[in-house]
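Chemist: Structure supplied as my_file-v8.cif; contents: mmCIF, C-alpha atoms and all ligand atoms.
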```cif
data_start
#
loop_
_atom_site.label_atom_id
_atom_site.label_comp_id
_atom_site.auth_asym_id
_atom_site.auth_seq_id
_atom_site.Cartn_x
_atom_site.Cartn_y
_atom_site.Cartn_z
CA MET A 1 121.66 72.39 101.13
CA PRO A 2 119.70 70.62 103.88
CA LYS A 3 116.36 72.28 104.51
CA LEU A 4 114.25 72.48 107.63
CA ILE A 5 110.51 73.11 107.38
CA LEU A 6 108.71 74.22 110.52
CA VAL A 7 104.94 74.26 110.59
CA ARG A 8 102.65 75.14 113.46
CA HIS A 9 99.44 73.07 113.49
CA GLY A 10 96.36 74.48 111.80
CA GLN A 11 93.78 76.31 113.93
CA SER A 12 92.71 74.14 116.89
CA GLU A 13 89.34 73.98 118.63
CA TRP A 14 90.79 75.86 121.57
CA ASN A 15 92.57 78.44 119.41
CA LEU A 16 89.07 79.16 118.11
CA ALA A 17 87.49 79.12 121.60
CA ASN A 18 90.36 81.32 122.92
CA ARG A 19 91.28 78.87 125.71
CA PHE A 20 94.74 78.14 127.12
CA THR A 21 95.61 74.73 125.65
CA GLY A 22 99.13 73.52 126.42
CA TRP A 23 99.22 69.72 126.77
CA TRP A 24 95.45 69.26 126.42
CA ASP A 25 94.87 67.25 123.28
CA VAL A 26 92.39 69.25 121.21
CA ASP A 27 91.62 68.61 117.55
CA VAL A 28 92.00 70.94 114.59
CA THR A 29 88.96 72.86 113.33
CA GLU A 30 87.71 72.78 109.72
CA LYS A 31 89.71 75.94 109.16
CA GLY A 32 92.74 74.21 110.69
CA VAL A 33 92.31 71.27 108.32
CA GLU A 34 92.26 73.65 105.38
CA GLU A 35 95.34 75.53 106.67
CA ALA A 36 97.21 72.22 106.95
CA ARG A 37 96.20 71.16 103.44
CA GLU A 38 97.22 74.55 102.09
CA ALA A 39 100.66 74.16 103.71
CA GLY A 40 101.06 70.87 101.85
CA ARG A 41 99.90 72.37 98.55
CA LEU A 42 102.42 75.17 99.01
CA MET A 43 105.27 72.70 99.64
CA LYS A 44 104.29 70.83 96.49
CA ALA A 45 104.03 74.01 94.39
CA LYS A 46 107.43 75.25 95.61
CA GLY A 47 109.07 71.84 95.25
CA VAL A 48 110.09 71.79 98.92
CA LEU A 49 109.36 68.15 99.70
CA PRO A 50 110.17 66.65 103.09
CA THR A 51 112.03 63.34 103.28
CA ILE A 52 111.61 62.80 107.05
CA ALA A 53 109.09 64.08 109.59
CA PHE A 54 108.95 64.84 113.30
CA THR A 55 105.95 65.83 115.36
CA SER A 56 104.63 65.93 118.92
CA VAL A 57 102.29 63.41 120.54
CA GLN A 58 99.37 65.86 120.23
CA LYS A 59 96.75 65.27 117.58
CA ARG A 60 96.57 68.85 116.29
CA ALA A 61 100.22 68.62 115.20
CA ILE A 62 100.01 64.99 114.03
CA LYS A 63 96.91 65.64 111.92
CA THR A 64 98.41 68.80 110.46
CA LEU A 65 101.48 66.83 109.45
CA HIS A 66 99.44 64.11 107.80
CA LEU A 67 97.14 66.50 105.95
CA ALA A 68 100.11 68.50 104.65
CA LEU A 69 102.05 65.38 103.64
CA GLU A 70 99.00 63.99 101.87
CA GLU A 71 98.71 67.13 99.76
CA CYS A 72 102.37 67.01 98.71
CA GLU A 73 102.23 63.23 98.20
CA ARG A 74 104.72 62.46 100.96
CA LEU A 75 102.63 60.45 103.42
CA TRP A 76 105.12 57.62 102.95
CA ILE A 77 108.13 59.33 104.56
CA PRO A 78 109.41 58.13 107.97
CA GLU A 79 107.80 59.93 110.87
CA THR A 80 108.66 60.15 114.57
CA LYS A 81 106.45 61.47 117.36
CA ASN A 82 107.97 62.72 120.58
CA TRP A 83 106.54 64.53 123.61
CA GLN A 84 109.55 66.86 123.63
CA LEU A 85 107.97 68.66 120.66
CA ASN A 86 104.70 69.16 122.58
CA GLU A 87 103.24 72.60 123.22
CA ARG A 88 104.50 74.35 126.35
CA HIS A 89 102.53 73.07 129.38
CA TYR A 90 100.16 75.84 130.45
CA GLY A 91 99.90 74.74 134.08
CA GLY A 92 96.84 75.85 136.02
CA LEU A 93 95.74 78.12 133.16
CA THR A 94 94.95 75.12 130.94
CA GLY A 95 91.30 75.19 129.88
CA LEU A 96 90.65 78.77 131.00
CA ASN A 97 89.37 81.38 128.58
CA LYS A 98 92.13 83.86 127.74
CA GLN A 99 89.86 86.94 127.73
CA GLU A 100 88.20 86.00 131.05
CA THR A 101 91.66 85.44 132.55
CA ARG A 102 92.69 88.94 131.38
CA GLU A 103 89.59 90.41 133.01
CA LYS A 104 90.41 88.61 136.28
CA HIS A 105 94.20 89.06 136.47
CA GLY A 106 94.85 92.02 134.13
CA ASP A 107 96.40 92.26 130.67
CA GLU A 108 99.93 92.65 131.99
CA GLN A 109 99.90 89.50 134.13
CA VAL A 110 98.38 87.42 131.34
CA GLN A 111 100.99 88.73 128.88
CA ILE A 112 103.74 87.72 131.33
CA TRP A 113 102.29 84.22 131.62
CA ARG A 114 101.91 83.95 127.85
CA ARG A 115 105.10 85.49 126.55
CA SER A 116 107.71 86.14 129.24
CA PHE A 117 110.87 84.09 128.81
CA ASP A 118 111.14 82.55 132.24
CA VAL A 119 108.00 83.21 134.31
CA PRO A 120 105.93 80.00 134.29
CA PRO A 121 102.14 80.10 134.70
CA PRO A 122 100.82 78.83 138.07
CA GLU A 123 101.26 75.07 138.51
CA MET A 124 98.47 72.70 137.55
CA PRO A 125 97.14 70.99 140.69
CA LYS A 126 97.63 67.19 140.68
CA GLY A 127 94.47 65.45 139.51
CA ASP A 128 93.22 68.56 137.70
CA GLN A 129 90.62 67.74 135.03
CA TYR A 130 93.17 68.75 132.39
CA ASP A 131 96.12 66.91 133.94
CA PRO A 132 97.47 64.51 131.27
CA GLY A 133 99.63 62.74 133.86
CA ASN A 134 97.75 59.40 133.66
CA ASP A 135 97.58 59.35 129.88
CA PRO A 136 99.39 56.22 128.60
CA ARG A 137 101.27 58.28 126.02
CA TYR A 138 103.19 59.83 128.92
CA ASP A 139 104.10 56.57 130.66
CA GLY A 140 107.60 56.88 132.10
CA ILE A 141 107.71 60.65 131.54
CA ASP A 142 107.87 63.16 134.34
CA VAL A 143 104.92 65.29 133.16
CA PRO A 144 105.53 68.93 134.15
CA GLN A 145 102.97 70.86 136.18
CA THR A 146 103.75 74.06 134.26
CA GLU A 147 106.36 75.36 131.82
CA SER A 148 107.83 78.73 130.90
CA LEU A 149 109.41 79.18 127.47
CA LYS A 150 112.78 78.64 129.17
CA LEU A 151 111.67 75.26 130.53
CA THR A 152 110.21 74.37 127.13
CA ILE A 153 113.57 75.12 125.49
CA GLU A 154 115.24 72.81 128.02
CA ARG A 155 113.35 69.80 126.64
CA VAL A 156 113.01 70.86 122.96
CA LEU A 157 116.72 71.54 122.36
CA PRO A 158 118.09 68.15 123.52
CA TYR A 159 115.66 66.48 121.11
CA TRP A 160 116.65 68.89 118.33
CA GLU A 161 120.35 68.32 118.89
CA GLY A 162 120.24 64.59 119.58
CA THR A 163 117.67 63.41 117.04
CA ILE A 164 116.64 66.00 114.43
CA LEU A 165 119.90 67.80 113.61
CA PRO A 166 121.68 64.52 112.75
CA GLU A 167 119.06 63.90 110.05
CA LEU A 168 119.73 67.32 108.52
CA GLU A 169 123.44 66.55 108.65
CA LYS A 170 122.73 63.49 106.50
CA GLY A 171 121.16 65.81 103.91
CA GLU A 172 117.51 65.08 104.68
CA THR A 173 114.76 67.66 104.15
CA VAL A 174 113.17 67.67 107.59
CA ILE A 175 109.63 68.78 108.46
CA ILE A 176 108.68 69.47 112.08
CA SER A 177 104.96 69.85 112.74
CA ALA A 178 104.60 71.30 116.22
CA HIS A 179 103.19 74.14 118.30
CA GLY A 180 103.37 77.90 118.83
CA ASN A 181 105.73 77.73 121.79
CA SER A 182 107.76 74.59 121.00
CA LEU A 183 108.50 76.27 117.64
CA ARG A 184 109.29 79.60 119.33
CA ALA A 185 111.82 77.64 121.40
CA LEU A 186 113.46 76.28 118.25
CA VAL A 187 113.36 79.56 116.31
CA LYS A 188 114.91 81.37 119.31
CA HIS A 189 117.81 78.94 119.16
CA LEU A 190 118.23 78.82 115.36
CA SER A 191 117.88 82.57 114.79
CA GLY A 192 119.80 83.59 117.93
CA ILE A 193 116.92 85.67 119.33
CA SER A 194 117.52 87.23 122.76
CA ASP A 195 115.45 86.44 125.87
CA GLU A 196 113.94 89.95 125.59
CA ASP A 197 113.13 89.90 121.87
CA ILE A 198 111.57 86.43 121.89
CA THR A 199 108.59 87.87 123.81
CA GLY A 200 107.52 89.60 120.56
CA LEU A 201 107.75 86.59 118.25
CA GLU A 202 104.50 84.95 117.16
CA ILE A 203 104.31 81.86 114.92
CA PRO A 204 101.19 81.77 112.70
CA THR A 205 99.22 78.54 112.20
CA GLY A 206 99.79 76.50 109.05
CA GLN A 207 102.53 78.70 107.53
CA PRO A 208 105.68 76.74 106.63
CA ILE A 209 108.88 78.46 107.81
CA ILE A 210 112.13 77.44 106.10
CA TYR A 211 115.75 77.35 107.26
CA GLU A 212 118.50 76.36 104.84
CA PHE A 213 121.71 75.03 106.40
CA ASP A 214 125.19 75.62 104.96
CA ASP A 215 128.05 73.11 104.81
CA ALA A 216 129.01 73.94 108.39
CA MET A 217 125.38 73.25 109.40
CA GLN A 218 124.76 76.89 110.21
CA PRO A 219 121.17 77.98 109.57
CA GLY A 220 120.55 80.90 107.20
CA GLU A 221 117.86 83.56 107.66
CA ARG A 222 114.47 81.98 108.19
CA TYR A 223 111.74 82.80 105.70
CA TYR A 224 108.12 81.94 105.01
CA LEU A 225 107.75 79.50 102.15
CA LYS A 226 104.89 81.59 100.75
CA ASP A 227 107.30 84.53 100.30
CA SER A 228 109.97 82.59 98.41
O1 LIG B 301 97.06 77.95 124.36
C1 LIG B 301 98.19 77.57 124.03
O2 LIG B 301 98.69 76.48 124.37
C2 LIG B 301 99.07 78.51 123.21
C3 LIG B 301 98.98 78.23 121.73
O3 LIG B 301 97.72 78.37 121.21
O4 LIG B 301 98.63 79.82 123.46
P1 LIG B 301 99.59 81.09 123.56
O5 LIG B 301 99.38 81.85 122.28
O6 LIG B 301 99.07 81.86 124.73
O7 LIG B 301 101.00 80.66 123.74
#
```
Translate the structure of the given file into C-alpha cells.
Ligand SMILES: O=C(O)[C@@H](CO)OP(=O)(O)O

Modeler:
Amino acid sequence: MPKLILVRHGQSEWNLANRFTGWWDVDVTEKGVEEAREAGRLMKAKGVLPTIAFTSVQKRAIKTLHLALEECERLWIPETKNWQLNERHYGGLTGLNKQETREKHGDEQVQIWRRSFDVPPPEMPKGDQYDPGNDPRYDGIDVPQTESLKLTIERVLPYWEGTILPELEKGETVIISAHGNSLRALVKHLSGISDEDITGLEIPTGQPIIYEFDDAMQPGERYYLKDS
C-alpha cells in the first residue's frame, strides 16, 4: 500500500520567538534540529522509509527533511522543492509578535487571522522589510501579499494532484516536509475536514503523520507514526 508521510518542520527561530512567520525564511532552532532527527529515527525504527521527497523552498522545511532523511539513511532519495508547499503567507502580520498583536487587536481577531478558513490577514505592503518578492527563488512567481487557508489550499492542491499523487500511484513511499498551514491544507483535503472543523486542527512540529492509500488511491485514517 502506498504510504504518505507528512512532517511539519522542527521548531523554528520564530516559533520560539512567537512571531508570525509565513514566507519569511527562518532557520530551525537546536530543539527543531533534534525534533527533525527524532522524526528520522522514528521512521527508521518503524521501517517506514521514504523513497521520494517533496518540500518547500523554505530552509526550516528543507533542513528538517535532510536531518530526518540522514537519520533513516535515506539522504540519497530524489527530492523536489516547490514554493507551492510553502507556509501560508502571513501578509502584514509577518514579523510581528503574536502576543503583542493579541494585546493590540484582541484574541478574537488574532484567532480569525490565524485559523479562520477564508479570512486573510491584512496585506503586506509592497517593499515591506519582510516582503520576499525580490528573492531570486521566487523569480517568475506571483508572490501573494497575504493568504488565508483557502488561498493556501488553492496552490497546495494543484501541486498535490499534479505532481505528488502520481508518485504515490506508482507505489512510492512519499515524504512531504512542509509547514503548519500548508499541511493543514493537505490534511483538510485528505481527511475530508469541513471548513468549520479545520479551524481546530493543529499540526505539531516534527511528528510524522501517515496516510496509507488503498488500491483505488483512497487515503485511510491518518495516524501519528509514534502511535503505530
Ligand atoms: O507563523 C506562522 O507562519 C505559523 C506557523 O508557525 O503560525 P500559525 O500557528 O499562527 O499558523

Chemist: Distance limit 7 Å, reference ligand LIG 301 (chain B), atoms considered: all atoms listed in the file. Which residues make the cut? Give them as a list in words.

Modeler: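 So the residues close to ligand LIG 301 (chain B) are Asn15, Arg19, Phe20, Thr21, Gly22, Glu87, Arg88, Tyr90, Arg114, Arg115, His179, Gly180 and Asn181 of chain A.
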
Chemist: Just the residues within 10 Å of Gln207 (chain A), please, counting all atoms listed in the file, with nothing from its chain fewer than 3 positions along; format it as number ranges by chain.

Modeler: A: 5-10, 35-36, 38-40, 42, 203-204, 210, 224-226

Chemist: Just how far from CA of Thr101 (chain A) is CA of Leu186 (chain A), in Å to one decimal?

Modeler: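 Taking CA of Leu186 (chain A) and CA of Thr101 (chain A), their separation equals 27.6 Å.
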
Chemist: In Å, rounded to a single decimal, give me how far CA of Ser12 (chain A) is from CA of Gln111 (chain A).

Modeler: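 Computing the Euclidean distance for CA of Gln111 (chain A) and CA of Ser12 (chain A) yields 20.6 Å.
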
Chemist: Find the distance between CA of His105 (chain A) and CA of Leu149 (chain A) and write it in Å to one decimal.

Modeler: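 So the answer is 20.2 Å.
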
Chemist: Since fewer atoms than expected are present, regenerate N, CA and C atoms for region 69-85 of chain A and write them as a PDB file, in the frame of the given file.

Modeler:
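To be explicit, this is the file written out as rebuild-v3.pdb:
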```pdb
ATOM      1  N   LEU A  69     101.295  66.386 104.407  1.00  0.00           N
ATOM      2  CA  LEU A  69     102.050  65.380 103.640  1.00  0.00           C
ATOM      3  C   LEU A  69     101.183  64.741 102.564  1.00  0.00           C
ATOM      4  N   GLU A  70      99.898  64.571 102.872  1.00  0.00           N
ATOM      5  CA  GLU A  70      99.000  63.990 101.870  1.00  0.00           C
ATOM      6  C   GLU A  70      98.947  64.888 100.638  1.00  0.00           C
ATOM      7  N   GLU A  71      98.824  66.188 100.885  1.00  0.00           N
ATOM      8  CA  GLU A  71      98.710  67.130  99.760  1.00  0.00           C
ATOM      9  C   GLU A  71      99.975  67.172  98.905  1.00  0.00           C
ATOM     10  N   CYS A  72     101.138  66.966  99.537  1.00  0.00           N
ATOM     11  CA  CYS A  72     102.370  67.010  98.710  1.00  0.00           C
ATOM     12  C   CYS A  72     102.866  65.595  98.376  1.00  0.00           C
ATOM     13  N   GLU A  73     101.955  64.630  98.584  1.00  0.00           N
ATOM     14  CA  GLU A  73     102.230  63.230  98.200  1.00  0.00           C
ATOM     15  C   GLU A  73     103.465  62.651  98.898  1.00  0.00           C
ATOM     16  N   ARG A  74     103.572  62.950 100.183  1.00  0.00           N
ATOM     17  CA  ARG A  74     104.720  62.460 100.960  1.00  0.00           C
ATOM     18  C   ARG A  74     104.298  61.731 102.234  1.00  0.00           C
ATOM     19  N   LEU A  75     103.088  61.165 102.223  1.00  0.00           N
ATOM     20  CA  LEU A  75     102.630  60.450 103.420  1.00  0.00           C
ATOM     21  C   LEU A  75     103.527  59.260 103.758  1.00  0.00           C
ATOM     22  N   TRP A  76     104.310  58.837 102.781  1.00  0.00           N
ATOM     23  CA  TRP A  76     105.120  57.620 102.950  1.00  0.00           C
ATOM     24  C   TRP A  76     106.426  57.853 103.702  1.00  0.00           C
ATOM     25  N   ILE A  77     106.809  59.094 103.949  1.00  0.00           N
ATOM     26  CA  ILE A  77     108.130  59.330 104.560  1.00  0.00           C
ATOM     27  C   ILE A  77     108.157  58.869 106.024  1.00  0.00           C
ATOM     28  N   PRO A  78     109.349  58.525 106.557  1.00  0.00           N
ATOM     29  CA  PRO A  78     109.410  58.130 107.970  1.00  0.00           C
ATOM     30  C   PRO A  78     109.004  59.277 108.889  1.00  0.00           C
ATOM     31  N   GLU A  79     108.373  58.902 109.985  1.00  0.00           N
ATOM     32  CA  GLU A  79     107.800  59.930 110.870  1.00  0.00           C
ATOM     33  C   GLU A  79     108.022  59.500 112.319  1.00  0.00           C
ATOM     34  N   THR A  80     108.446  60.434 113.150  1.00  0.00           N
ATOM     35  CA  THR A  80     108.660  60.150 114.570  1.00  0.00           C
ATOM     36  C   THR A  80     107.881  61.141 115.408  1.00  0.00           C
ATOM     37  N   LYS A  81     107.195  60.603 116.432  1.00  0.00           N
ATOM     38  CA  LYS A  81     106.450  61.470 117.360  1.00  0.00           C
ATOM     39  C   LYS A  81     107.170  61.482 118.689  1.00  0.00           C
ATOM     40  N   ASN A  82     107.301  62.654 119.279  1.00  0.00           N
ATOM     41  CA  ASN A  82     107.970  62.720 120.580  1.00  0.00           C
ATOM     42  C   ASN A  82     107.354  63.843 121.425  1.00  0.00           C
ATOM     43  N   TRP A  83     107.157  63.549 122.715  1.00  0.00           N
ATOM     44  CA  TRP A  83     106.540  64.530 123.610  1.00  0.00           C
ATOM     45  C   TRP A  83     107.394  65.791 123.746  1.00  0.00           C
ATOM     46  N   GLN A  84     108.690  65.677 123.452  1.00  0.00           N
ATOM     47  CA  GLN A  84     109.550  66.860 123.630  1.00  0.00           C
ATOM     48  C   GLN A  84     109.226  67.968 122.615  1.00  0.00           C
ATOM     49  N   LEU A  85     108.424  67.634 121.599  1.00  0.00           N
ATOM     50  CA  LEU A  85     107.970  68.660 120.660  1.00  0.00           C
ATOM     51  C   LEU A  85     106.581  69.183 121.027  1.00  0.00           C
TER      52      LEU A  85
END
```
